[in-house]
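This is model00.csv. It holds CSV, C-alpha atoms.
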```
chain,number,residue,atom,x,y,z
A,1099,ASN,CA,0.0,0.0,0.0
A,1100,SER,CA,2.9,2.4,-0.6
A,1101,PRO,CA,2.0,5.6,-2.4
A,1102,VAL,CA,3.0,6.1,-6.0
A,1103,ILE,CA,4.9,9.4,-6.6
A,1104,ILE,CA,4.9,10.7,-10.2
A,1105,GLU,CA,7.0,13.7,-11.4
A,1106,GLY,CA,6.5,15.5,-14.7
A,1107,LEU,CA,3.4,13.6,-15.8
A,1108,SER,CA,1.7,14.2,-19.1
A,1109,PHE,CA,-1.3,12.2,-20.5
A,1110,ARG,CA,-2.9,12.3,-23.9
A,1111,THR,CA,-5.7,10.4,-25.7
A,1112,ASN,CA,-5.5,9.6,-29.4
A,1113,PRO,CA,-8.3,9.5,-32.0
A,1114,ASN,CA,-8.0,5.7,-32.2
A,1115,LEU,CA,-8.9,5.6,-28.4
A,1116,SER,CA,-5.4,4.7,-27.4
A,1117,PHE,CA,-3.5,6.9,-24.9
A,1118,GLU,CA,0.0,8.0,-24.1
A,1119,VAL,CA,1.6,8.5,-20.7
A,1120,GLN,CA,4.9,10.2,-20.2
A,1121,ALA,CA,6.6,10.8,-16.8
A,1122,ASP,CA,10.0,12.1,-15.8
A,1123,LYS,CA,10.0,9.8,-12.8
A,1124,ILE,CA,7.7,7.3,-11.1
A,1125,THR,CA,8.5,5.8,-7.7
A,1126,SER,CA,6.6,3.6,-5.2
A,1127,LYS,CA,8.7,3.2,-2.1
A,1128,SER,CA,11.2,0.4,-2.9
A,1129,LEU,CA,8.9,-1.4,-5.3
A,1130,LEU,CA,9.3,0.7,-8.4
A,1131,ASN,CA,11.5,3.3,-9.9
A,1132,ALA,CA,11.1,4.4,-13.5
A,1133,GLN,CA,13.1,7.2,-15.1
A,1134,SER,CA,12.0,9.0,-18.3
A,1135,LEU,CA,9.1,6.7,-19.0
A,1136,HIS,CA,7.0,6.9,-22.2
A,1137,LEU,CA,4.2,4.4,-22.7
A,1138,THR,CA,1.5,4.1,-25.4
A,1139,THR,CA,-1.4,1.6,-25.3
A,1140,LYS,CA,-3.3,-0.4,-27.9
A,1141,PRO,CA,-6.7,1.0,-29.0
A,1142,LEU,CA,-9.5,0.5,-26.5
A,1143,SER,CA,-7.0,-1.2,-24.1
A,1144,ILE,CA,-4.7,-0.5,-21.2
A,1145,LYS,CA,-2.2,-3.0,-22.4
A,1146,PRO,CA,1.0,-1.2,-23.5
A,1147,ARG,CA,1.9,-1.2,-27.2
A,1148,THR,CA,5.2,0.5,-26.7
A,1149,ILE,CA,7.4,1.1,-23.6
A,1150,ASP,CA,10.4,3.4,-23.5
A,1151,ALA,CA,12.5,4.2,-20.4
A,1152,GLN,CA,15.9,5.4,-19.5
A,1153,SER,CA,15.9,3.1,-16.5
A,1154,LEU,CA,13.5,0.7,-14.7
A,1155,TYR,CA,13.7,-0.9,-11.2
A,1156,LEU,CA,11.2,-3.5,-10.1
A,1157,ASP,CA,11.1,-5.5,-6.9
A,1158,ILE,CA,9.5,-8.6,-8.4
A,1159,TYR,CA,9.6,-10.4,-5.0
A,1160,GLU,CA,7.5,-7.8,-3.2
A,1161,ILE,CA,5.2,-7.2,-6.2
A,1162,LYS,CA,4.4,-10.9,-6.4
A,1163,LYS,CA,3.5,-10.9,-2.7
A,1164,LEU,CA,1.1,-8.0,-3.3
A,1165,PHE,CA,-0.7,-9.8,-6.1
A,1166,ASN,CA,-0.6,-13.2,-4.5
A,1167,ASN,CA,-4.4,-13.6,-4.0
A,1168,ASP,CA,-4.7,-16.2,-6.7
A,1169,LYS,CA,-3.3,-19.4,-5.1
A,1170,LYS,CA,-3.8,-21.5,-8.2
A,1171,GLU,CA,-0.5,-22.7,-9.6
A,1172,LYS,CA,0.0,-21.8,-13.2
A,1173,LYS,CA,0.3,-24.8,-15.4
A,1174,SER,CA,2.5,-23.2,-18.0
A,1175,PHE,CA,4.0,-20.0,-19.2
A,1176,ASN,CA,1.6,-18.1,-21.4
A,1177,LEU,CA,2.6,-14.6,-22.6
A,1178,LYS,CA,-0.5,-12.8,-23.9
A,1179,PHE,CA,1.2,-9.8,-25.6
A,1180,PHE,CA,4.7,-8.4,-26.2
A,1181,PRO,CA,5.1,-4.6,-26.4
A,1182,ILE,CA,7.7,-2.8,-28.6
A,1183,THR,CA,10.3,-1.9,-26.0
A,1184,ASN,CA,13.3,0.4,-25.7
A,1185,ILE,CA,14.7,0.3,-22.1
A,1186,LYS,CA,18.3,1.4,-21.6
A,1187,LYS,CA,18.7,-0.2,-18.2
A,1188,ALA,CA,16.5,-2.5,-16.0
A,1189,TYR,CA,17.0,-4.1,-12.6
A,1190,LEU,CA,14.7,-6.8,-11.4
A,1191,LYS,CA,15.1,-7.9,-7.7
A,1192,LEU,CA,14.0,-11.5,-7.3
A,1193,ASP,CA,14.4,-12.3,-3.5
A,1194,SER,CA,13.8,-10.6,-0.2
A,1195,LYS,CA,17.4,-9.7,0.5
A,1196,GLY,CA,18.4,-8.5,-3.0
A,1197,LYS,CA,21.0,-11.2,-3.5
A,1198,THR,CA,19.3,-12.6,-6.5
A,1199,PHE,CA,18.6,-10.2,-9.3
A,1200,ILE,CA,18.7,-9.7,-13.1
A,1201,GLU,CA,20.3,-6.7,-14.8
A,1202,PHE,CA,19.3,-5.8,-18.3
A,1203,ASN,CA,21.1,-3.5,-20.7
A,1204,ASN,CA,19.6,-2.2,-24.0
A,1205,ILE,CA,16.3,-4.0,-24.3
A,1206,GLU,CA,15.3,-3.2,-27.8
A,1207,SER,CA,12.5,-4.6,-29.9
A,1208,HIS,CA,10.9,-3.8,-33.2
A,1209,LYS,CA,8.4,-5.2,-35.7
A,1210,GLU,CA,9.5,-7.5,-38.6
A,1211,GLY,CA,6.4,-8.4,-40.5
A,1212,PHE,CA,3.8,-9.8,-38.1
A,1213,LYS,CA,6.3,-10.6,-35.4
A,1214,ILE,CA,8.0,-8.5,-32.7
A,1215,VAL,CA,11.8,-9.1,-32.5
A,1216,CYS,CA,13.8,-8.3,-29.3
A,1217,LYS,CA,17.5,-8.2,-28.4
A,1218,PHE,CA,19.0,-7.7,-25.0
A,1219,ILE,CA,21.8,-8.4,-22.6
A,1220,GLY,CA,20.8,-9.8,-19.3
A,1221,LYS,CA,22.9,-10.9,-16.3
A,1222,VAL,CA,21.6,-13.1,-13.5
A,1223,GLN,CA,23.3,-13.0,-10.2
A,1224,SER,CA,22.4,-15.3,-7.2
A,1225,PRO,CA,24.1,-16.7,-4.1
A,1226,TYR,CA,24.2,-20.1,-5.9
A,1227,THR,CA,26.4,-18.9,-8.8
A,1228,SER,CA,30.0,-18.0,-8.5
A,1229,GLU,CA,29.8,-15.8,-11.6
A,1230,PRO,CA,26.9,-14.0,-13.2
A,1231,VAL,CA,25.0,-16.0,-15.9
A,1232,THR,CA,24.7,-13.8,-19.0
A,1233,ALA,CA,21.9,-14.2,-21.6
A,1234,GLY,CA,21.7,-12.5,-25.0
A,1235,LYS,CA,25.3,-12.0,-26.1
A,1236,SER,CA,24.1,-13.6,-29.4
A,1237,GLY,CA,20.8,-14.5,-30.8
A,1238,ARG,CA,17.4,-13.0,-30.0
A,1239,ILE,CA,13.8,-13.7,-29.1
A,1240,HIS,CA,10.6,-12.9,-31.0
A,1241,TYR,CA,6.9,-12.9,-30.4
A,1242,LEU,CA,4.2,-14.2,-32.7
A,1243,ASN,CA,1.3,-15.4,-30.7
A,1244,LYS,CA,3.8,-17.0,-28.4
A,1245,LEU,CA,7.5,-16.5,-27.4
A,1246,TYR,CA,10.3,-17.9,-29.6
A,1247,PHE,CA,14.0,-18.2,-29.1
A,1248,GLU,CA,16.4,-17.7,-32.0
A,1249,ASP,CA,19.7,-19.3,-31.1
A,1250,LEU,CA,19.8,-17.2,-27.9
A,1251,SER,CA,23.0,-17.7,-25.9
A,1252,VAL,CA,23.2,-18.3,-22.2
A,1253,ASP,CA,26.8,-18.0,-21.0
A,1254,PHE,CA,28.1,-19.9,-17.9
A,1255,ALA,CA,31.7,-18.8,-17.2
A,1256,LYS,CA,33.5,-19.8,-20.5
A,1257,SER,CA,30.8,-22.1,-21.8
A,1258,THR,CA,27.6,-21.3,-23.8
A,1259,LEU,CA,24.2,-22.9,-23.9
A,1260,ILE,CA,22.0,-22.2,-27.0
A,1261,LEU,CA,18.2,-22.0,-26.7
A,1262,ASP,CA,16.2,-22.3,-29.9
A,1263,GLY,CA,12.5,-22.8,-30.7
A,1264,ALA,CA,9.1,-21.9,-29.3
A,1265,ILE,CA,8.7,-21.6,-25.6
A,1266,ASP,CA,6.7,-24.9,-25.6
A,1267,ASN,CA,9.0,-26.7,-28.0
A,1268,LEU,CA,12.5,-25.5,-27.0
A,1269,THR,CA,15.9,-27.1,-27.6
A,1270,PHE,CA,18.9,-26.7,-25.3
A,1271,LYS,CA,22.4,-27.4,-26.7
A,1272,GLY,CA,25.8,-26.8,-25.2
A,1273,LYS,CA,29.3,-28.2,-24.9
A,1274,GLU,CA,31.6,-28.3,-21.9
A,1275,LEU,CA,29.1,-26.6,-19.6
A,1276,PRO,CA,30.5,-26.3,-16.0
A,1277,ALA,CA,28.8,-28.8,-13.7
A,1278,LYS,CA,29.3,-26.5,-10.7
A,1279,GLU,CA,27.3,-23.7,-12.3
A,1280,LEU,CA,24.6,-26.0,-13.6
A,1281,GLU,CA,24.2,-27.5,-10.1
A,1282,ALA,CA,24.0,-24.0,-8.7
A,1283,ALA,CA,21.3,-23.0,-11.3
A,1284,PHE,CA,19.3,-26.1,-10.5
A,1285,LEU,CA,19.4,-25.4,-6.8
A,1286,TYR,CA,18.3,-21.8,-7.4
A,1287,PHE,CA,15.2,-22.8,-9.3
A,1288,TYR,CA,14.5,-25.6,-6.8
A,1289,LYS,CA,14.7,-23.3,-3.9
A,1290,LEU,CA,12.3,-20.8,-5.6
A,1291,LYS,CA,9.6,-23.6,-5.6
A,1292,HIS,CA,10.6,-25.3,-2.4
A,1293,PRO,CA,12.3,-22.6,-0.2
A,1294,ASN,CA,12.4,-24.7,3.0
A,1295,LYS,CA,13.1,-28.1,1.5
A,1296,LYS,CA,16.5,-29.7,1.1
A,1297,ASN,CA,17.3,-31.5,-2.1
A,1298,PHE,CA,19.4,-34.7,-2.1
A,1299,ILE,CA,22.0,-33.0,-4.3
A,1300,GLU,CA,22.8,-30.7,-1.4
A,1301,ASN,CA,24.7,-33.7,0.2
A,1302,PHE,CA,27.4,-33.0,-2.4
A,1303,THR,CA,29.6,-30.0,-2.6
A,1304,ASN,CA,32.5,-28.7,-4.7
A,1305,PHE,CA,31.2,-29.9,-8.1
A,1306,LYS,CA,33.7,-30.4,-10.9
A,1307,GLY,CA,33.6,-31.5,-14.5
A,1308,THR,CA,31.6,-30.6,-17.6
A,1309,LEU,CA,28.5,-31.6,-19.4
A,1310,ASP,CA,27.4,-31.7,-23.0
A,1311,ALA,CA,23.7,-31.1,-23.3
A,1312,ASP,CA,21.3,-31.9,-26.2
A,1313,LEU,CA,17.8,-31.6,-24.9
A,1314,LYS,CA,14.3,-30.7,-26.1
A,1315,TYR,CA,11.6,-29.4,-23.9
A,1316,SER,CA,7.9,-29.7,-24.6
A,1317,LYS,CA,4.6,-30.1,-22.7
A,1318,LYS,CA,5.5,-33.8,-22.3
A,1319,GLY,CA,8.8,-32.9,-20.5
A,1320,LEU,CA,12.4,-33.2,-21.6
A,1321,LYS,CA,13.9,-35.6,-24.2
A,1322,GLY,CA,17.5,-36.1,-25.1
A,1323,LYS,CA,20.7,-36.6,-23.2
A,1324,CYS,CA,23.4,-34.9,-21.1
A,1325,ILE,CA,26.9,-36.5,-21.1
A,1326,ALA,CA,29.1,-35.6,-18.1
A,1327,HIS,CA,32.9,-35.7,-18.3
A,1328,ASN,CA,35.0,-36.2,-15.2
A,1329,LEU,CA,32.0,-35.4,-13.0
A,1330,GLY,CA,33.3,-35.0,-9.4
A,1331,ALA,CA,32.0,-33.8,-6.0
A,1332,ASP,CA,32.6,-34.2,-2.3
A,1333,PHE,CA,30.0,-36.2,-0.4
A,1334,SER,CA,28.6,-35.4,3.0
A,1335,LYS,CA,30.3,-33.8,5.9
A,1336,PHE,CA,33.2,-36.3,5.6
A,1337,LYS,CA,34.1,-34.7,2.2
A,1338,ILE,CA,34.5,-38.0,0.5
A,1339,PRO,CA,35.5,-37.4,-3.2
A,1340,VAL,CA,33.3,-38.9,-5.8
A,1341,LEU,CA,34.6,-39.1,-9.4
A,1342,LEU,CA,32.7,-40.4,-12.4
A,1343,PRO,CA,34.7,-40.2,-15.6
A,1344,HIS,CA,31.8,-40.7,-18.0
A,1345,VAL,CA,28.0,-40.4,-17.2
A,1346,LYS,CA,25.2,-40.4,-19.7
A,1347,PHE,CA,22.0,-38.9,-18.3
A,1348,ASN,CA,19.0,-40.0,-20.5
A,1349,PHE,CA,15.9,-37.8,-20.5
A,1350,GLU,CA,12.6,-39.4,-21.5
A,1351,ASN,CA,9.8,-36.8,-21.0
A,1352,ARG,CA,9.3,-36.9,-17.3
A,1353,THR,CA,11.9,-39.5,-16.4
A,1354,ILE,CA,15.8,-39.3,-16.1
A,1355,TYR,CA,18.0,-42.3,-15.7
A,1356,ALA,CA,21.8,-42.8,-15.6
A,1357,LYS,CA,24.4,-45.4,-14.5
A,1358,ALA,CA,28.1,-45.1,-14.2
A,1359,ASN,CA,31.3,-46.5,-12.8
A,1360,GLY,CA,33.9,-44.4,-11.0
A,1361,THR,CA,35.6,-44.0,-7.7
A,1362,PHE,CA,34.4,-43.2,-4.2
A,1363,GLY,CA,37.1,-42.1,-1.8
A,1364,GLY,CA,39.6,-43.7,-4.3
A,1365,GLU,CA,37.8,-47.0,-4.3
A,1366,ASP,CA,35.9,-48.4,-7.3
A,1367,VAL,CA,32.2,-47.7,-7.2
A,1368,TYR,CA,29.0,-48.2,-9.3
A,1369,THR,CA,26.1,-45.9,-9.1
A,1370,ASP,CA,22.7,-45.5,-10.8
A,1371,VAL,CA,19.7,-43.2,-10.5
A,1372,PHE,CA,16.2,-43.1,-11.8
A,1373,ILE,CA,13.9,-40.1,-11.5
A,1374,GLU,CA,10.3,-40.0,-12.5
A,1375,GLY,CA,7.6,-37.2,-12.3
A,1376,LEU,CA,10.0,-34.5,-13.5
A,1377,PHE,CA,8.3,-31.0,-13.4
A,1378,THR,CA,5.5,-32.4,-11.2
A,1379,LYS,CA,4.8,-32.4,-7.4
A,1380,LEU,CA,5.1,-36.2,-7.4
A,1381,ILE,CA,8.8,-36.3,-8.3
A,1382,HIS,CA,10.3,-39.7,-7.2
A,1383,THR,CA,14.0,-40.6,-7.1
A,1384,ILE,CA,15.6,-44.0,-6.5
A,1385,GLY,CA,19.2,-44.9,-6.8
A,1386,ASN,CA,22.1,-47.2,-5.7
A,1387,VAL,CA,25.7,-46.6,-4.8
A,1388,HIS,CA,27.8,-49.8,-4.6
A,1389,SER,CA,31.5,-50.4,-3.8
A,1390,LYS,CA,32.3,-54.1,-3.8
A,1391,ARG,CA,35.7,-53.6,-2.1
A,1392,LEU,CA,36.2,-50.9,0.5
A,1393,THR,CA,39.6,-51.2,2.2
A,1394,ASN,CA,41.4,-49.6,5.1
A,1395,SER,CA,42.9,-47.0,2.8
A,1396,PHE,CA,39.3,-45.6,2.6
A,1397,SER,CA,38.4,-45.8,6.3
A,1398,SER,CA,41.8,-44.4,7.4
A,1399,LYS,CA,41.1,-41.3,5.4
A,1400,TYR,CA,37.4,-40.7,5.8
A,1401,PHE,CA,36.1,-42.8,8.8
A,1402,LYS,CA,39.0,-43.2,11.2
A,1403,PRO,CA,37.1,-44.8,14.1
A,1404,VAL,CA,36.8,-48.0,12.0
A,1405,GLN,CA,39.7,-50.1,10.8
A,1406,ILE,CA,39.0,-52.5,7.9
A,1407,ILE,CA,41.1,-55.6,7.9
A,1408,GLY,CA,40.8,-57.1,4.5
A,1409,SER,CA,37.8,-55.6,2.7
A,1410,ALA,CA,34.1,-54.9,2.9
A,1411,ASP,CA,31.3,-54.7,0.4
A,1412,ALA,CA,29.3,-51.4,0.9
A,1413,LYS,CA,26.0,-50.6,-0.7
A,1414,VAL,CA,23.6,-47.6,-0.3
A,1415,LYS,CA,20.1,-47.7,-1.6
A,1416,TYR,CA,18.1,-44.5,-1.5
A,1417,GLU,CA,14.6,-43.4,-2.3
A,1418,VAL,CA,13.4,-39.7,-2.2
A,1419,GLN,CA,9.8,-38.6,-2.5
A,1420,LYS,CA,8.0,-36.7,0.2
A,1421,SER,CA,10.7,-38.1,2.6
A,1422,VAL,CA,14.1,-39.6,2.2
A,1423,ASP,CA,14.7,-43.3,2.9
A,1424,ILE,CA,18.1,-44.8,2.8
A,1425,ASP,CA,19.3,-48.4,3.4
A,1426,TYR,CA,23.0,-48.9,4.3
A,1427,ILE,CA,24.2,-52.4,3.7
A,1428,LEU,CA,27.8,-53.4,4.7
A,1429,THR,CA,28.8,-57.0,4.0
A,1430,VAL,CA,32.1,-58.3,5.5
A,1431,PRO,CA,33.4,-61.4,3.8
A,1432,LYS,CA,35.2,-64.4,5.4
A,1433,GLY,CA,38.7,-63.5,6.6
A,1434,SER,CA,37.9,-59.8,6.9
A,1435,ASP,CA,37.0,-57.8,10.0
A,1436,LEU,CA,36.0,-54.4,11.3
A,1437,VAL,CA,37.9,-53.1,14.3
A,1438,THR,CA,36.9,-50.2,16.6
A,1439,ARG,CA,38.0,-49.0,20.0
A,1440,LEU,CA,35.1,-51.0,21.4
A,1441,GLY,CA,36.1,-54.3,19.8
A,1442,ASN,CA,35.7,-56.1,16.5
A,1443,LEU,CA,33.1,-58.2,14.7
A,1444,ASP,CA,34.9,-61.6,15.2
A,1445,ASN,CA,33.4,-64.7,13.4
A,1446,THR,CA,35.9,-64.2,10.6
A,1447,ASP,CA,35.1,-67.7,9.3
A,1448,LYS,CA,31.6,-66.4,8.3
A,1449,ILE,CA,30.1,-63.7,6.1
A,1450,ARG,CA,28.7,-61.0,8.3
A,1451,GLN,CA,26.3,-58.2,7.4
A,1452,ILE,CA,25.2,-54.9,9.0
A,1453,ILE,CA,22.0,-53.3,7.7
A,1454,ALA,CA,20.6,-49.9,8.8
A,1455,HIS,CA,17.5,-48.1,7.5
A,1456,THR,CA,17.1,-44.3,8.0
A,1457,HIS,CA,14.1,-42.2,7.4
A,1458,LYS,CA,14.2,-38.4,7.1
A,1459,GLU,CA,11.3,-36.0,7.1
A,1460,GLY,CA,12.3,-32.3,6.9
A,1461,ASN,CA,15.3,-31.9,9.2
A,1462,ASN,CA,14.4,-34.9,11.4
A,1463,LEU,CA,16.4,-38.1,10.9
A,1464,TYR,CA,15.2,-41.4,12.3
A,1465,LEU,CA,16.9,-44.8,12.5
A,1466,LYS,CA,14.0,-47.1,11.6
A,1467,ASP,CA,15.8,-50.4,11.6
A,1468,TYR,CA,19.2,-51.9,12.4
A,1469,ASN,CA,20.3,-55.5,12.0
A,1470,TYR,CA,23.6,-57.4,12.4
A,1471,SER,CA,23.8,-61.0,11.2
```

For this file, produce the structure as structure tokens.
Amino acid sequence: NSPVIIEGLSFRTNPNLSFEVQADKITSKSLLNAQSLHLTTKPLSIKPRTIDAQSLYLDIYEIKKLFNNDKKEKKSFNLKFFPITNIKKAYLKLDSKGKTFIEFNNIESHKEGFKIVCKFIGKVQSPYTSEPVTAGKSGRIHYLNKLYFEDLSVDFAKSTLILDGAIDNLTFKGKELPAKELEAAFLYFYKLKHPNKKNFIENFTNFKGTLDADLKYSKKGLKGKCIAHNLGADFSKFKIPVLLPHVKFNFENRTIYAKANGTFGGEDVYTDVFIEGLFTKLIHTIGNVHSKRLTNSFSSKYFKPVQIIGSADAKVKYEVQKSVDIDYILTVPKGSDLVTRLGNLDNTDKIRQIIAHTHKEGNNLYLKDYNYS
């Protein structure tokens, strides 16, 4: 309910029943600040036909809160109109603290036949990205009943992702995209939709490696593949390094699946993941991590309270939906043993197995089952 202050206002109606508004300055507390604004409307409409401004500041976060009366979730992006625009500078604040924002330079559009063509340079900064993500260094967008991308570039550090096609039939192609920045971008959009929910990927830090992407988005979901090269990260508070030299992520509309071999703390490991319900509230993830031969070189670095004599087979099975369920299965073969300050397993002439099942809801972690045999 902050007042709108307008300086140097002029208003004119035209014979075709459109109108023009011109103002030297428009401010509304911290929500809006427009300098040298000139706006014309369509005939018999308040929708803008043209927008010109020297600079524009919008607090999108607070404005959305003001107009948040309609609780229905929008099913898809649907742009009803696209004005001819000439804005020298624009700043859009996207979160409460101003740490996530978009800066635009030279938003310029014009008509080509029946379509409106627009070029711009936009930089996105957020706490999840080490460097700004820049869109629009090459390519453009246009509007003809819906939004189209024409080889629009999105730059992550030294790599470029190209967007091409209609908003509801869009291709994404890029080479050597940095895994660290893509993980940060994913978390940013995930946190927008689930601000108080932790994603399983947050168990990993210090992402490394690159990805080649060839994907197509439609109303059915995503199709295509992403191939990761030397994908690495540190797992959990123990900072256990994971390295997967080659991973192919297959996208089939609303499912993703992948499997790979690599190392976990220097030991050989196999991993797979299956995700279904992509872009829905019912997203469901299951996966396995399996190291057939963990040795003391692993435990001496990352879990010093336990000494492994010989080797152990370690498997982790996880399932994530509304909650997180994880099974930990450690199999100790004949002749091997686990030693702690409290003692050892003994029975080295037998195969022994330790199984634990944990269940996590929110920030609460429960040990649901434990068995040693």

Would you mind listing what lies within 7 Å of range 1110-1119 of chain A as a ChimeraX atom specification, with all atoms listed in the file counted and same-chain residues fewer than 3 positions away left out?
/A:1136-1143

Between A:Phe1401, A:Phe1349, A:Phe1396, A:Phe1218, which is the closest to Gly1319 in chain A once you count all atoms listed in the file?
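Ranking A:Phe1401, A:Phe1349, A:Phe1396, A:Phe1218 by distance to Gly1319 in chain A, first place goes to A:Phe1349.
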
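Near Gln1120 in chain A, within 8 Å and counting all atoms listed in the file, sit Gly1106, Leu1107, Ser1108, Phe1109, Ser1134, Leu1135, His1136 and Leu1137 of chain A; same-chain residues fewer than 4 positions away were not included.
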
Atom-to-atom span, CA of Glu1229 in chain A and CA of Ala1331 in chain A, Å:
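That distance, rounded to one decimal, is 19.0 Å.
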
CA of Lys1314 in chain A and CA of His1240 in chain A are how many Å apart?
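CA of His1240 in chain A lies at a distance of 18.8 Å from CA of Lys1314 in chain A.
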
Long-range neighbours of Val1387 in chain A as a PyMOL selection string, 10 Å cut-off, all atoms listed in the file, 4 positions minimum in chain
chain A and resi 1357-1359+1362+1367-1371+1412-1416+1426

Just checking: using all atoms listed in the file, which residue out of A:Ala1132, A:Leu1250, A:Leu1154, A:Leu1259 ends up closest to Ile1205 in chain A?
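Under the stated criterion, the closest residue is A:Leu1154.
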
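Proximity of A:Leu1275, A:Thr1308, A:Tyr1246, A:Asp1150 to Asp1262 in chain A, computed with all atoms listed in the file, is greatest for A:Tyr1246.
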
Just checking: using all atoms listed in the file, which residue out of A:Val1345, A:Val1340, A:Leu1190, A:Val1430 ends up closest to Thr1361 in chain A?
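Once distances to Thr1361 in chain A are computed over all atoms listed in the file, the minimum belongs to A:Val1340.
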
List the neighbours of Ser1126 in chain A out to 8 Å using all atoms listed in the file; skip same-chain residues closer than 4 positions along the sequence, and give me the result as a ChimeraX atom specification.
/A:1100-1103,1130-1131

Separation of CA of Leu1342 in chain A from CA of Leu1329 in chain A, in Å and rounded to one decimal:
5.1 Å

Student task, range 1258-1270 of chain A output with N, CA, C and O atoms as a compact mmCIF listing (two decimals), in the first residue's frame:
```txt
# COMPACT_ATOMS: atom_id res chain seq x y z
N THR A 1258 28.85 -21.95 -23.29
CA THR A 1258 27.62 -21.35 -23.80
C THR A 1258 26.56 -22.41 -24.04
O THR A 1258 26.84 -23.45 -24.66
N LEU A 1259 25.35 -22.13 -23.58
CA LEU A 1259 24.17 -22.94 -23.86
C LEU A 1259 23.32 -22.17 -24.86
O LEU A 1259 23.10 -20.96 -24.69
N ILE A 1260 22.85 -22.84 -25.92
CA ILE A 1260 22.04 -22.19 -26.96
C ILE A 1260 20.60 -22.65 -26.85
O ILE A 1260 20.31 -23.86 -26.81
N LEU A 1261 19.67 -21.68 -26.80
CA LEU A 1261 18.24 -21.95 -26.75
C LEU A 1261 17.63 -21.61 -28.10
O LEU A 1261 17.86 -20.51 -28.62
N ASP A 1262 16.83 -22.54 -28.63
CA ASP A 1262 16.23 -22.31 -29.95
C ASP A 1262 14.87 -22.98 -30.02
O ASP A 1262 14.70 -24.12 -29.58
N GLY A 1263 13.88 -22.24 -30.55
CA GLY A 1263 12.55 -22.79 -30.73
C GLY A 1263 11.49 -22.05 -29.94
O GLY A 1263 11.78 -21.09 -29.22
N ALA A 1264 10.26 -22.51 -30.07
CA ALA A 1264 9.15 -21.92 -29.33
C ALA A 1264 9.25 -22.27 -27.86
O ALA A 1264 9.86 -23.26 -27.47
N ILE A 1265 8.62 -21.43 -27.02
CA ILE A 1265 8.71 -21.62 -25.57
C ILE A 1265 8.18 -22.98 -25.14
O ILE A 1265 8.63 -23.54 -24.14
N ASP A 1266 7.24 -23.56 -25.92
CA ASP A 1266 6.68 -24.87 -25.57
C ASP A 1266 7.28 -26.00 -26.42
O ASP A 1266 6.79 -27.12 -26.40
N ASN A 1267 8.35 -25.70 -27.17
CA ASN A 1267 9.03 -26.72 -27.97
C ASN A 1267 10.48 -26.27 -28.16
O ASN A 1267 10.94 -26.00 -29.27
N LEU A 1268 11.22 -26.24 -27.06
CA LEU A 1268 12.49 -25.53 -26.97
C LEU A 1268 13.66 -26.50 -26.89
O LEU A 1268 13.63 -27.46 -26.12
N THR A 1269 14.71 -26.25 -27.69
CA THR A 1269 15.91 -27.08 -27.62
C THR A 1269 17.00 -26.36 -26.83
O THR A 1269 17.12 -25.14 -26.87
N PHE A 1270 17.80 -27.16 -26.11
CA PHE A 1270 18.93 -26.67 -25.32
C PHE A 1270 20.17 -27.44 -25.80
O PHE A 1270 20.20 -28.67 -25.71
```
